[in-house]
file final_14.cif (mmCIF, C-alpha atoms)
data_entry
#
loop_
_atom_site.label_atom_id
_atom_site.label_comp_id
_atom_site.auth_asym_id
_atom_site.auth_seq_id
_atom_site.Cartn_x
_atom_site.Cartn_y
_atom_site.Cartn_z
CA MET A 517 25.05 187.55 29.76
CA SER A 518 27.83 189.90 30.78
CA ALA A 519 26.06 190.64 34.08
CA VAL A 520 25.83 186.95 34.86
CA THR A 521 29.53 186.49 34.11
CA THR A 522 30.41 189.48 36.25
CA ASP A 523 28.39 188.11 39.16
CA ARG A 524 30.27 184.82 39.02
CA ILE A 525 33.73 186.42 39.28
CA PRO A 526 33.69 186.81 43.13
CA ALA A 527 32.51 183.22 43.56
CA ILE A 528 35.27 181.93 41.28
CA ARG A 529 37.84 184.04 43.09
CA ASP A 530 36.66 182.77 46.50
CA ASP A 531 36.76 179.18 45.26
CA ALA A 532 40.32 179.62 43.98
CA LEU A 533 41.37 181.22 47.27
CA LEU A 534 39.80 178.32 49.21
CA ARG A 535 41.66 175.75 47.10
CA ALA A 536 44.94 177.62 47.56
CA THR A 537 44.38 177.74 51.32
CA ARG A 538 43.65 174.02 51.42
CA ARG A 539 46.82 173.32 49.44
CA ARG A 540 48.88 175.40 51.86
CA HIS A 541 47.37 173.60 54.83
CA LEU A 542 48.02 170.23 53.17
CA VAL A 543 51.65 171.14 52.44
CA SER A 544 52.05 172.41 56.01
CA ARG A 545 50.66 169.18 57.48
CA LEU A 546 52.78 167.02 55.19
CA THR A 547 55.90 168.98 56.12
CA ALA A 548 55.14 168.67 59.82
CA HIS A 549 54.48 164.94 59.56
CA ALA A 550 57.63 164.43 57.49
CA ALA A 551 59.70 166.25 60.14
CA LEU A 552 58.10 164.17 62.90
CA LEU A 553 58.70 160.96 60.96
CA LEU A 554 62.35 161.91 60.43
CA GLY A 555 62.71 162.57 64.16
CA VAL A 556 61.15 159.20 64.98
CA VAL A 557 63.55 157.44 62.61
CA ILE A 558 66.57 159.23 64.09
CA PHE A 559 65.59 158.32 67.65
CA VAL A 560 64.25 154.82 67.04
CA PHE A 561 66.93 153.50 64.66
CA PRO A 562 69.63 153.04 67.36
CA ILE A 563 67.09 151.18 69.50
CA TYR A 564 66.18 149.06 66.49
CA LEU A 565 69.87 148.23 66.00
CA ALA A 566 70.15 147.20 69.65
CA VAL A 567 67.12 144.92 69.30
CA ILE A 568 68.50 143.38 66.10
CA GLY A 569 71.98 143.00 67.60
CA SER A 570 70.54 141.15 70.57
CA THR A 571 69.28 138.41 68.22
CA HIS A 572 72.64 137.59 66.57
CA ASP A 573 75.74 135.76 67.78
CA VAL A 574 78.75 137.62 69.11
CA GLY A 575 80.81 137.01 65.95
CA THR A 576 78.24 138.59 63.63
CA VAL A 577 78.00 141.72 65.78
CA GLY A 578 81.75 141.90 66.46
CA ARG A 579 82.73 141.71 62.78
CA GLY A 580 80.53 144.71 61.96
CA ASP A 581 78.55 142.94 59.23
CA MET A 582 75.33 142.65 61.22
CA PRO A 583 72.26 142.63 58.96
CA LEU A 584 69.18 144.72 59.60
CA THR A 585 67.01 141.63 60.01
CA PRO A 586 66.59 139.56 63.20
CA GLY A 587 68.84 136.60 63.82
CA SER A 588 68.27 133.19 65.38
CA HIS A 589 70.05 133.67 68.73
CA ALA A 590 67.48 135.84 70.50
CA LEU A 591 66.32 133.29 73.09
CA ALA A 592 69.87 132.19 73.93
CA ASN A 593 71.14 135.77 74.26
CA TYR A 594 68.29 136.96 76.49
CA ALA A 595 68.45 133.80 78.60
CA GLN A 596 72.18 134.31 79.15
CA ALA A 597 71.72 138.02 79.94
CA LEU A 598 68.96 137.32 82.46
CA ASN A 599 70.51 134.30 84.17
CA THR A 600 74.29 134.69 84.06
CA GLY A 601 75.23 138.02 82.48
CA GLY A 602 78.35 138.35 80.37
CA THR A 603 81.25 135.96 80.68
CA GLN A 604 84.03 138.47 79.92
CA ILE A 605 83.12 141.02 82.64
CA ASN A 606 82.19 140.05 86.21
CA VAL A 607 78.72 141.58 86.54
CA ALA A 608 75.51 140.39 88.11
CA PRO A 609 72.80 138.70 86.01
CA ALA A 610 70.42 141.15 84.35
CA ALA A 611 67.44 139.76 86.28
CA LEU A 612 69.05 140.74 89.59
CA MET A 613 70.17 144.14 88.29
CA LEU A 614 66.69 144.85 86.93
CA TRP A 615 65.16 144.02 90.31
CA ASN A 616 67.64 146.29 92.11
CA SER A 617 66.95 149.17 89.72
CA LEU A 618 63.20 148.64 89.93
CA LEU A 619 63.24 148.63 93.73
CA MET A 620 65.55 151.64 93.91
CA ALA A 621 63.53 153.71 91.41
CA THR A 622 60.22 152.84 93.08
CA LEU A 623 61.49 153.72 96.56
CA ILE A 624 62.98 156.99 95.32
CA ALA A 625 59.80 158.01 93.49
CA ALA A 626 57.48 157.03 96.35
CA GLY A 627 59.73 158.63 98.95
CA LYS A 628 60.05 161.88 97.02
CA ILE A 629 56.27 162.13 96.60
CA ALA A 630 55.54 161.35 100.27
CA ILE A 631 58.07 163.82 101.67
CA SER A 632 57.19 166.52 99.14
CA ILE A 633 53.45 166.28 99.86
CA LEU A 634 54.02 166.60 103.62
CA SER A 635 56.44 169.51 103.30
CA ALA A 636 54.24 171.37 100.81
CA TYR A 637 51.16 170.69 102.97
CA ALA A 638 52.90 172.16 106.01
CA VAL A 639 54.05 175.26 104.12
CA VAL A 640 50.63 175.99 102.59
CA PHE A 641 48.10 175.08 105.31
CA PHE A 642 50.00 175.79 108.54
CA ARG A 643 51.08 179.13 109.98
CA PHE A 644 54.29 178.94 111.99
CA PRO A 645 57.37 181.16 112.47
CA LEU A 646 59.86 181.22 109.59
CA ARG A 647 57.45 179.29 107.39
CA MET A 648 58.60 180.97 104.16
CA VAL A 649 62.22 180.79 105.26
CA ALA A 650 61.84 177.02 105.48
CA PHE A 651 60.25 176.92 102.04
CA TRP A 652 62.99 179.02 100.44
CA ALA A 653 65.64 176.90 102.16
CA ILE A 654 64.10 173.88 100.41
CA PHE A 655 63.79 175.75 97.13
CA ILE A 656 67.42 176.90 97.14
CA THR A 657 68.56 173.29 97.13
CA LEU A 658 67.51 173.19 93.47
CA MET A 659 70.82 174.91 92.80
CA LEU A 660 72.73 172.07 94.50
CA PRO A 661 72.58 168.91 92.37
CA VAL A 662 73.78 165.55 93.64
CA GLU A 663 77.20 166.02 92.03
CA VAL A 664 77.88 169.17 94.10
CA ARG A 665 77.08 167.54 97.47
CA ILE A 666 78.34 164.08 96.56
CA ILE A 667 81.38 164.08 98.91
CA PRO A 668 79.63 165.13 102.16
CA THR A 669 76.67 162.88 101.33
CA PHE A 670 79.02 159.95 100.76
CA GLN A 671 80.76 160.67 104.07
CA VAL A 672 77.47 160.72 105.96
CA ILE A 673 76.32 157.42 104.42
CA VAL A 674 79.63 155.72 105.20
CA SER A 675 79.57 157.07 108.76
CA LEU A 676 76.12 155.55 109.23
CA ASN A 677 77.30 152.23 107.74
CA LEU A 678 74.69 152.46 104.99
CA ASN A 679 77.04 151.82 102.09
CA ASN A 680 76.25 148.62 100.20
CA THR A 681 72.63 148.82 101.35
CA MET A 682 69.38 149.71 99.61
CA LEU A 683 68.81 152.44 102.19
CA GLY A 684 72.13 154.00 101.27
CA LEU A 685 71.14 153.86 97.61
CA THR A 686 67.78 155.57 98.08
CA ILE A 687 67.71 157.88 101.13
CA PRO A 688 70.11 160.56 99.80
CA LEU A 689 68.06 160.82 96.58
CA ILE A 690 64.61 160.98 98.18
CA ALA A 691 64.43 164.70 99.03
CA SER A 692 63.04 166.73 96.12
CA ALA A 693 62.69 170.50 96.07
CA THR A 694 61.09 170.33 92.61
CA ALA A 695 58.25 168.08 93.75
CA THR A 696 57.75 170.22 96.87
CA LEU A 697 57.44 173.34 94.72
CA LEU A 698 54.95 171.67 92.35
CA PHE A 699 52.77 170.37 95.17
CA ARG A 700 52.87 173.76 96.89
CA GLN A 701 51.68 175.50 93.73
CA PHE A 702 48.86 172.96 93.40
CA PHE A 703 47.82 173.23 97.05
CA LEU A 704 47.56 177.01 96.70
CA THR A 705 44.77 176.49 94.15
CA ILE A 706 42.60 174.53 96.60
CA PRO A 707 39.73 176.90 97.56
CA ASP A 708 39.67 178.25 101.12
CA GLU A 709 36.05 177.07 101.31
CA PHE A 710 37.34 173.48 101.46
CA VAL A 711 39.43 174.31 104.50
CA GLU A 712 36.55 176.12 106.22
CA ALA A 713 34.13 173.28 105.48
CA ALA A 714 36.58 170.75 106.90
CA LYS A 715 36.95 172.82 110.08
CA MET A 716 33.16 173.07 110.46
CA ASP A 717 32.91 169.26 110.15
CA GLY A 718 35.51 168.88 112.87
CA ALA A 719 38.20 167.47 110.56
CA GLY A 720 41.73 167.82 111.84
CA PRO A 721 44.87 168.33 109.70
CA ILE A 722 45.45 164.60 109.15
CA ARG A 723 41.86 163.96 108.11
CA PHE A 724 41.84 167.00 105.82
CA LEU A 725 45.03 165.74 104.19
CA ARG A 726 43.65 162.22 103.79
CA ASP A 727 40.09 163.01 102.68
CA VAL A 728 40.52 166.22 100.68
CA VAL A 729 44.10 167.00 99.67
CA LEU A 730 45.31 163.53 98.65
CA PRO A 731 42.26 162.67 96.45
CA LEU A 732 42.66 166.00 94.65
CA SER A 733 46.37 165.33 94.15
CA LEU A 734 46.15 161.87 92.55
CA THR A 735 46.78 162.99 88.98
CA ASN A 736 49.69 165.20 90.07
CA MET A 737 51.14 162.32 92.04
CA ALA A 738 50.85 160.02 89.03
CA ALA A 739 52.56 162.51 86.73
CA LEU A 740 55.37 163.07 89.21
CA PHE A 741 55.75 159.33 89.79
CA VAL A 742 56.52 158.78 86.10
CA ILE A 743 59.12 161.55 86.07
CA LEU A 744 60.71 160.55 89.38
CA PHE A 745 60.73 156.83 88.53
CA ILE A 746 62.72 157.50 85.37
CA TYR A 747 65.00 159.82 87.38
CA GLY A 748 65.70 157.04 89.86
CA TRP A 749 66.07 154.38 87.16
CA ASN A 750 68.72 156.39 85.31
CA GLN A 751 70.90 157.04 88.36
CA TYR A 752 74.53 156.16 87.66
CA LEU A 753 77.01 158.18 89.74
CA TRP A 754 75.55 157.55 93.20
CA PRO A 755 75.06 153.75 92.80
CA LEU A 756 78.56 153.53 91.33
CA LEU A 757 80.05 155.21 94.42
CA ILE A 758 78.00 153.72 97.23
CA VAL A 759 77.73 150.07 96.11
CA ASN A 760 80.48 147.58 95.36
CA ASP A 761 78.41 144.50 96.19
CA ARG A 762 77.28 142.63 93.09
CA SER A 763 74.00 141.71 94.76
CA LEU A 764 73.01 145.42 94.78
CA GLU A 765 74.31 146.36 91.34
CA THR A 766 71.88 148.36 89.21
CA ILE A 767 71.26 147.85 85.52
CA VAL A 768 72.77 151.20 84.46
CA VAL A 769 76.01 150.53 86.35
CA GLY A 770 76.07 146.93 85.14
CA LEU A 771 75.77 148.02 81.50
CA SER A 772 78.66 150.42 81.94
CA LYS A 773 80.82 147.64 83.38
CA MET A 774 79.84 145.26 80.59
CA ILE A 775 80.93 147.76 77.94
CA GLY A 776 84.23 148.34 79.77
CA THR A 777 86.78 150.04 77.53
CA GLY A 778 84.95 149.18 74.33
CA ASP A 779 87.48 146.61 73.11
CA ALA A 780 86.71 143.85 70.62
CA ARG A 781 86.37 141.20 73.37
CA ASN A 782 83.05 142.60 74.53
CA GLU A 783 80.03 140.35 74.10
CA TRP A 784 78.02 142.92 72.19
CA ASN A 785 75.06 140.64 71.66
CA ILE A 786 74.65 140.16 75.44
CA ILE A 787 75.25 143.86 76.05
CA MET A 788 72.54 144.77 73.56
CA ALA A 789 70.15 142.24 75.06
CA THR A 790 70.77 143.73 78.51
CA ALA A 791 70.26 147.24 77.12
CA VAL A 792 66.91 146.23 75.62
CA LEU A 793 65.86 144.72 78.96
CA ALA A 794 66.89 147.95 80.71
CA LEU A 795 64.55 149.91 78.43
CA LEU A 796 61.45 147.86 79.21
CA PRO A 797 60.51 148.95 82.78
CA PRO A 798 60.62 152.75 82.12
CA VAL A 799 58.73 152.28 78.86
CA LEU A 800 56.08 150.18 80.59
CA VAL A 801 55.67 152.77 83.35
CA VAL A 802 55.20 155.55 80.80
CA VAL A 803 52.79 153.52 78.66
CA LEU A 804 50.68 152.22 81.54
CA MET A 805 50.47 155.61 83.27
CA GLN A 806 50.28 157.77 80.16
CA ARG A 807 46.67 158.83 80.72
CA TRP A 808 47.35 159.84 84.31
CA PHE A 809 50.60 161.51 83.31
CA VAL A 810 48.92 163.71 80.70
CA ARG A 811 46.04 164.56 83.04
CA GLY A 812 48.47 165.50 85.79
CA LEU A 813 50.29 167.92 83.50
CA THR A 814 47.30 169.45 81.71
CA ASP A 815 44.24 169.12 83.96
CA THR A 816 43.50 172.48 85.59
CA GLU A 817 40.12 171.63 87.12
CA LYS A 818 40.23 171.43 90.91
#

call {"tool": "encode", "arguments": {"input": "final_14.cif", "output": "structure tokens"}}
result
Amino acid sequence: MSAVTTDRIPAIRDDALLRATRRRHLVSRLTAHAALLLGVVIFVFPIYLAVIGSTHDVGTVGRGDMPLTPGSHALANYAQALNTGGTQINVAPAALMLWNSLLMATLIAAGKIAISILSAYAVVFFRFPLRMVAFWAIFITLMLPVEVRIIPTFQVIVSLNLNNTMLGLTIPLIASATATLLFRQFFLTIPDEFVEAAKMDGAGPIRFLRDVVLPLSLTNMAALFVILFIYGWNQYLWPLLIVNDRSLETIVVGLSKMIGTGDARNEWNIIMATAVLALLPPVLVVVLMQRWFVRGLTDTEK
């Protein structure tokens, strides 16, 4: 009987150790999920307040006694924001500002990708004098953000009479050293056998780019498009400087003008409705392209 009991001691000890390990893993998972849930609440609650505020009248929001439940003025507030904008500040309707921001962000993202692919393709697959000097000249511009070169860029755009135009809004923001670097690093992973096979088939540089390089780069292009679209959508300083025509006003600049100095006369319900509308296009781009975005960042198979 003693021998049987002694033989069971290791099994009991292993079972106790397994239960303790499971408890630790459970506590660890619960702690991680609690931290994530807290982070979600912290980030989402201001957005929730904006959504709720956009459904109440201006008096309820202005008095500071806004409830945490939706009101009955949602349709009127969003209709006013889309069609006329605020009445206290002279800004364009949100529908027009959304269109301007959407067009600007799309042109910036598409232009950055197109120019970056061509420049990276030239640096990787062509051999010409000062090739690496050209690449490093592009790379060094990473240390020169828009704010540093804002005055000479503004002078060039004004000299070309491109202020108050969509071209003036987008062209100075199209060049991207970051996208060029990322595409270059990806192109370096394309096997040399692909290049040799293309040469044997008689494919020239344009055909090789179209039939081999671009299809392999689709996921990278999709991932960069999401990042660059949000970059273009959130632009504030350059549109503020280069545009004073209401017909070209972007949603970020329009929101800033609607808030003004933050006095009590602001139509906070319309401002919040406009802010919610400004969130929708970037969120839709991220949601609709999420699969491509993740694949572009994590897929290593070439």

call {"tool": "residues_around", "arguments": {"input": "final_14.cif", "residues": "Ile666 in chain A", "least_positions_apart": "5", "cutoff": "10 Å", "atoms": "all atoms listed in the file", "output": "ChimeraX atom specification"}}
result
/A:660-661,671,688,753-754,757

call {"tool": "residues_around", "arguments": {"input": "final_14.cif", "residues": "range 724-741 of chain A", "least_positions_apart": "4", "cutoff": "9 Å", "atoms": "all atoms listed in the file", "output": "ChimeraX atom specification"}}
result
/A:622,625-626,628-629,633,637,695,698-699,702-703,706,710-711,714-715,719-720,745-746,805-806,808-813,815,818

call {"tool": "closest_residue", "arguments": {"input": "final_14.cif", "among": "A:Pro797, A:Pro755, A:Gly601, A:Gly569", "to": "Val662 in chain A", "atoms": "all atoms listed in the file"}}
result
A:Pro755

call {"tool": "resolve_selection", "arguments": {"input": "final_14.cif", "expression": "the PyMOL selection byres ((chain A and resi 574) around 9)", "output": "list in words"}}
result
Gly569, His572, Asp573, Gly575, Thr576, Val577, Gly578, Arg579, Asn782, Glu783, Trp784, Asn785 and Ile786 of chain A

call {"tool": "closest_residue", "arguments": {"input": "final_14.cif", "among": "A:Leu598, A:Leu793, A:Leu704, A:Leu683", "to": "Ala610 in chain A", "atoms": "all atoms listed in the file"}}
result
A:Leu598

call {"tool": "closest_residue", "arguments": {"input": "final_14.cif", "among": "A:Ala548, A:Ile787, A:Leu584, A:Leu771", "to": "Tyr564 in chain A", "atoms": "all atoms listed in the file"}}
result
A:Leu584

call {"tool": "closest_residue", "arguments": {"input": "final_14.cif", "among": "A:Thr681, A:Thr537, A:Asn606, A:Thr571", "to": "Ile775 in chain A", "atoms": "all atoms listed in the file"}}
result
A:Asn606

call {"tool": "residues_near_point", "arguments": {"input": "final_14.cif", "point": "(64.9, 153.5, 82.0)", "cutoff": "6 Å", "atoms": "all atoms listed in the file", "output": "number ranges by chain"}}
result
A: 746, 749-750, 795, 798

call {"tool": "atom_distance", "arguments": {"input": "final_14.cif", "atom1": "CA of Thr686 in chain A", "atom2": "CA of Ser617 in chain A"}}
result
10.6 Å

call {"tool": "closest_residue", "arguments": {"input": "final_14.cif", "among": "A:Leu676, A:Pro645, A:Ala636, A:Leu697", "to": "Leu658 in chain A", "atoms": "all atoms listed in the file"}}
result
A:Leu697

call {"tool": "axis_aligned_box", "arguments": {"input": "final_14.cif", "around": "range 680-699 of chain A", "padding_each_side": "8 Å", "output": "JSON"}}
result
{"center_x": 64.5, "center_y": 161.0, "center_z": 97.3, "size_x": 39.5, "size_y": 40.7, "size_z": 25.8}

call {"tool": "resolve_selection", "arguments": {"input": "final_14.cif", "expression": "the PyMOL selection byres ((chain A and resi 772) around 12)", "output": "PyMOL selection string"}}
result
chain A and resi 605-607+752-753+755-756+765-771+773-778+782+787-788+790-791

call {"tool": "atom_distance", "arguments": {"input": "final_14.cif", "atom1": "CA of Ala621 in chain A", "atom2": "CA of Gly748 in chain A"}}
result
4.3 Å
